[in-house]
Structure formats: structure tokens, C-alpha cells
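Q: Structure in C-alpha cells, see below.
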Amino acid sequence: MKQTFILLTICCALFACKKIDVTYDYSPTAPRAGEAVSFNNLSNGGEDWAWTFGDGATSTIKSPSHTYKQPGTYQVTLKVDNKNSLTCTKQITIYDTIPTFVMSDSVFTIYKDYTFTANLYNPYNFPVSYRWTVDGEEKGTDNTLTTYFTQAKKTKVALRVTVNNSETTDIEKELSVSDTETNSVYFRTAAGDYRQRIFGARSEEPKPTTDTSVFNDAQDTLQVYNGKTFRLSELKAVFPAIEGFKIANRKIYFRANGLWVAALDGTNLVQIETEACPAMNLDMVDNRIYWAVANEVRYMPQVGAENNRFVTVPQTINTLKGVTCIVSDNIE
């Protein structure tokens, strides 16, 4: 009898000392807001369960499910038999319901840069790929896209996001792109007159124009600067080979077997163009010099240094041939 009592005592002690391991897992492993998450209680004992899901919700079901309304990272705790020593806490990350992209502006005009940025909650750093298209034409594969539009019309910007090489989401937004007033440069050729609109560092292709009022027969042979009239005939005393000129910021730009810049008194003479230059003009709004050679029109910023040196190189703005006059309308 004594031996039986001792054996029962030992069994009860062993049962009382049996450790309860509290743990759980959940599925899916990367849930989204609005999607039910199933919590699987893997504890090896206990009779009462208390869950807190980190968003204010609770449950007393052994293996409950729960739906999160907002993306984010939450602390989920399971307590067994109402004992603080029998708890398990894990983090769960809830992803955005649908990836999207945000735009740097809400109003869109032609030839202005706009930035589009993908908005994706990815705390697990899953591999993500992006594919941007504008009206079906691929434009980039980064998480941001900076682009501009060349036509005033309804334009569709689309983004395809692929997460973890498996889950793909397509987002498309339609934009209304408007025209805008800007500075223009006009070119007269033997074949006709052309207008080319300038948008900062960008420009449209030249288009035929019937607006001939901008052209001046004198072209670049007469100018009033700081209240004084400068005539081509008078400037020949300082610049004997001069064929045409424009004055700005105390500098004279003139055509004479190429294109030159100098101080008004003839000092600091620097050659800009070596080819024959039948036409030139200064654009005071965009701070540019435009000039024609045989088969194209070129431009560069006006010279700023006191010694008339320049650090930029000429750029081609169009390939119009035989340009005889260049005029800028200088719209502010």
C-alpha cells in the first residue's frame, strides 16, 4: 500500500511538472488587408486561450481567424490558461490590398517632367519588378518613372508590379494632358516659313507656319540697346567683316565668316561658329543664341563670362536647310 502511494505521488508530480509549450503559426504567410488570416494554435496543452491581434480585436477560440482592415505590422499574442508565463508573441505584417502609384502633380501639360512613384508595402523585402508604360509604350523598370508628354490628349500611364516572381498587379490611370503657351522660334527658308516651340531644354519639331508678321526684312542689321541705336554700317568700323548682329548684356554677337561674340568695343573677341552663318538671333527668355549653318540650326546659352569664354558646346535644334532669318517671339 505504501509503495502504491509513493508511485501515485511520483506520477502526480511528473504530471504537474509537465511544461506547456505555447506557440502558433498562421496562413497565408503574406496576408493582405481584407484577407482572412487563420491562426493555428500549436500549444501542447492548456484549456483556455486568449488572443490579442494587435489592432484592438481579441478571441478566445483555440485556433481563430482574423481579418485586418489596414496594412501594417501587428503584435499578435496568445496566452494560455490566463498565465503570463504561458504566452507567445509574434509579429505579423499585413500588406496593402492593391499596389498603386502616386503622381507628383495633378495637372499635366506637354513637355514638362512628371514623376510617378510605385506605392508598395514590402517589409519582407520580397523581390519586386516594375514595368511602366505610357499609351502602351514601355518607359521604365524602376519603382519611379520620370517622363514628359509631347501631345495634348488623354494619356494612359500604366504600371505592372510583380511581387516574389509570382503575384502580379496591373494599375492604370488616365490623365488629361493639356497644351501650354510657350516661347517660339521662327525660321525663314527658301522652301517656306517654320515655327518651333521651345519648352526649356526640350522643343517640338519645326512645323510650317503662315504667320509672317514676326519676320523683319532688316533681320539683324539694326537694334536699339540701352537707348542707343546701333546700325550695321556704323559697327563696321569696329568689326569690318560684320554681316549681322544682336546685342545683349553689353556683348555683341555677330555674323562674319562664322559667328562671334565680343565686347561692344571689340575686345575679348571669341569665335563661336566656324561655318558660314547666314542667320542668327538671341532668345532673351531662354537665354540662347540660335544660328543657322548650311544644313541645320544650332543653339547654345548666351555667353556669361567677362572674357566671353564658354563651357558648353553647340547643340542641334533642327535640320532645316537654307535658313535665311531667325526670329524669337519671346513670350514671357
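Residues are named by chain letter and number: chains run A, B, ... in the order of the C-alpha cells, numbers start at 1 in each chain, and ligands are numbered from 1 in the order shown.
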Would you mind listing what lies within 8 Å of region 96-100 of chain A as a PyMOL selection string, with only C-alpha atoms counted and same-chain residues fewer than 5 positions away left out?
A: chain A and resi 32-34+70-71+118-121+161+169+171
Q: At a cut-off of 8 Å, using only C-alpha atoms, what residues contact Lys173 (chain A)? Leave out same-chain residues fewer than 6 positions from it and give the result as a ChimeraX atom specification.
A: /A:156-158
Q: Write out as a VMD selection string each polymer residue whose atoms come within 6 Å of Ala279 (chain A), counting only C-alpha atoms; drop sequence neighbours fewer than 4 positions from it.
A: chain A and resid 291 to 292 324 to 325
Q: Please produce a file of the residues just selected, as a PDB file, in the first residue's frame, where the atoms kept are N, CA and C atoms.
A:
ATOM      1  N   TRP A 291      21.569  80.034 -84.334  1.00  0.00           N
ATOM      2  CA  TRP A 291      22.188  80.426 -85.600  1.00  0.00           C
ATOM      3  C   TRP A 291      22.086  79.281 -86.604  1.00  0.00           C
ATOM      4  N   ALA A 292      22.087  79.674 -87.874  1.00  0.00           N
ATOM      5  CA  ALA A 292      21.944  78.709 -88.955  1.00  0.00           C
ATOM      6  C   ALA A 292      23.297  78.450 -89.610  1.00  0.00           C
ATOM      7  N   THR A 324      17.404  81.606 -93.737  1.00  0.00           N
ATOM      8  CA  THR A 324      17.886  82.959 -94.019  1.00  0.00           C
ATOM      9  C   THR A 324      17.506  83.977 -92.949  1.00  0.00           C
ATOM     10  N   CYS A 325      16.616  83.581 -92.036  1.00  0.00           N
ATOM     11  CA  CYS A 325      16.183  84.500 -90.968  1.00  0.00           C
ATOM     12  C   CYS A 325      15.702  83.693 -89.781  1.00  0.00           C
TER      13      CYS A 325
END
Q: As a ChimeraX atom specification, which residues of region 159-272 of chain A does DSSP assign to helix (DSSP H, G or I)?
A: /A:232-235
Q: Find the residues near Ala262 (chain A): any atom within 7 Å, counting only C-alpha atoms, skip ones fewer than 3 places away on the same chain, and give them as a PyMOL selection string.
A: chain A and resi 251-253+266-270+308
Q: Go ahead and dump the residues you just picked, C-alpha atoms, as a compact mmCIF listing (two decimals), in the first residue's frame.
A:
# COMPACT_ATOMS: atom_id res chain seq x y z
CA LYS A 251 28.07 91.91 -75.57
CA ILE A 252 27.63 91.84 -79.32
CA TYR A 253 27.00 88.58 -81.19
CA GLY A 266 35.69 94.95 -79.92
CA THR A 267 37.72 93.47 -77.05
CA ASN A 268 37.53 89.83 -75.85
CA LEU A 269 36.70 88.60 -79.34
CA VAL A 270 35.79 84.86 -79.35
CA ASN A 308 33.44 85.72 -73.37
Q: Suppose you want the space between CA of Pro206 (chain A) and CA of Ile242 (chain A); what is it in Å?
A: 28.5 Å
Q: How would you write, as JSON, numbers by chain, the set of residues in region 77-287 of chain A that DSSP gives as strand (DSSP E or B)?
A: {"A": [77, 78, 79, 80, 87, 88, 89, 90, 91, 92, 93, 94, 95, 100, 101, 102, 103, 108, 109, 114, 115, 116, 117, 118, 119, 128, 129, 130, 131, 132, 133, 134, 137, 138, 139, 140, 144, 145, 146, 147, 154, 155, 156, 157, 158, 159, 160, 161, 162, 163, 167, 168, 169, 170, 171, 172, 173, 174, 175, 176, 177, 178, 184, 185, 186, 187, 188, 189, 192, 193, 194, 195, 196, 197, 198, 199, 202, 203, 207, 208, 222, 223, 224, 225, 228, 229, 230, 231, 244, 245, 246, 247, 248, 251, 252, 253, 254, 255, 259, 260, 261, 262, 263, 270, 271, 272, 273, 279, 280, 281, 282, 283]}
Q: Select, from A:Thr150, A:Gln223, A:Thr89, A:Asn165, the residue with the minimum atom-to-atom distance to Pro127 (chain A), counting only C-alpha atoms.
A: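 Selected residue with least distance to Pro127 (chain A): A:Asn165.
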Q: Interatomic distance between CA of Arg131 (chain A) and CA of Thr155 (chain A)?
A: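 So the two atoms, CA of Arg131 (chain A) and CA of Thr155 (chain A), lie 16.7 Å apart.
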Q: Looking at A:Thr146, A:Ser233, A:Thr316, A:Thr60, which one is nearest to Phe39 (chain A), with distances taken over only C-alpha atoms?
A: A:Thr60
Q: Tell me which protein, DNA and RNA residues are within 8 Å of Ile20 (chain A), counting only C-alpha atoms, leaving out same-chain ones fewer than 5 positions away, and put them as a list of chain:residue names.
A: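 So the residues in contact are A:Ser43, A:Asn44, A:Gly45, A:Gly46, A:Leu86.
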Q: Could those residues be written to a file, using N, CA and C atoms, as a compact mmCIF listing (two decimals), in the first residue's frame?
A:
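Output contents, as saved in again.txt:
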# COMPACT_ATOMS: atom_id res chain seq x y z
N SER A 43 0.06 24.86 -29.37
CA SER A 43 0.43 24.62 -27.97
C SER A 43 0.13 23.17 -27.60
N ASN A 44 0.97 22.62 -26.74
CA ASN A 44 0.82 21.19 -26.37
C ASN A 44 0.01 20.99 -25.10
N GLY A 45 -0.78 21.96 -24.71
CA GLY A 45 -1.62 21.82 -23.53
C GLY A 45 -2.46 23.05 -23.33
N GLY A 46 -3.14 23.09 -22.18
CA GLY A 46 -3.97 24.23 -21.85
C GLY A 46 -5.43 23.99 -22.15
N LEU A 86 2.68 31.66 -19.74
CA LEU A 86 2.32 30.82 -20.89
C LEU A 86 1.80 31.72 -22.02
Q: Show me a table, sorted first by chain and then by increasing residue number, of the residues of region 201-248 of chain A having an atom at most 12 Å from region 296-304 of chain A, each with its shortest atom pair and the distance in Å to one decimal, counting only C-alpha atoms and written as CSV.
A:
residue,atom,partner,partner_atom,distance
A:Ala201,CA,A:Met300,CA,10.8
A:Pro206,CA,A:Val297,CA,10.9
A:Lys246,CA,A:Gln302,CA,11.3
A:Ile247,CA,A:Gln302,CA,10.8
A:Ala248,CA,A:Gln302,CA,8.8
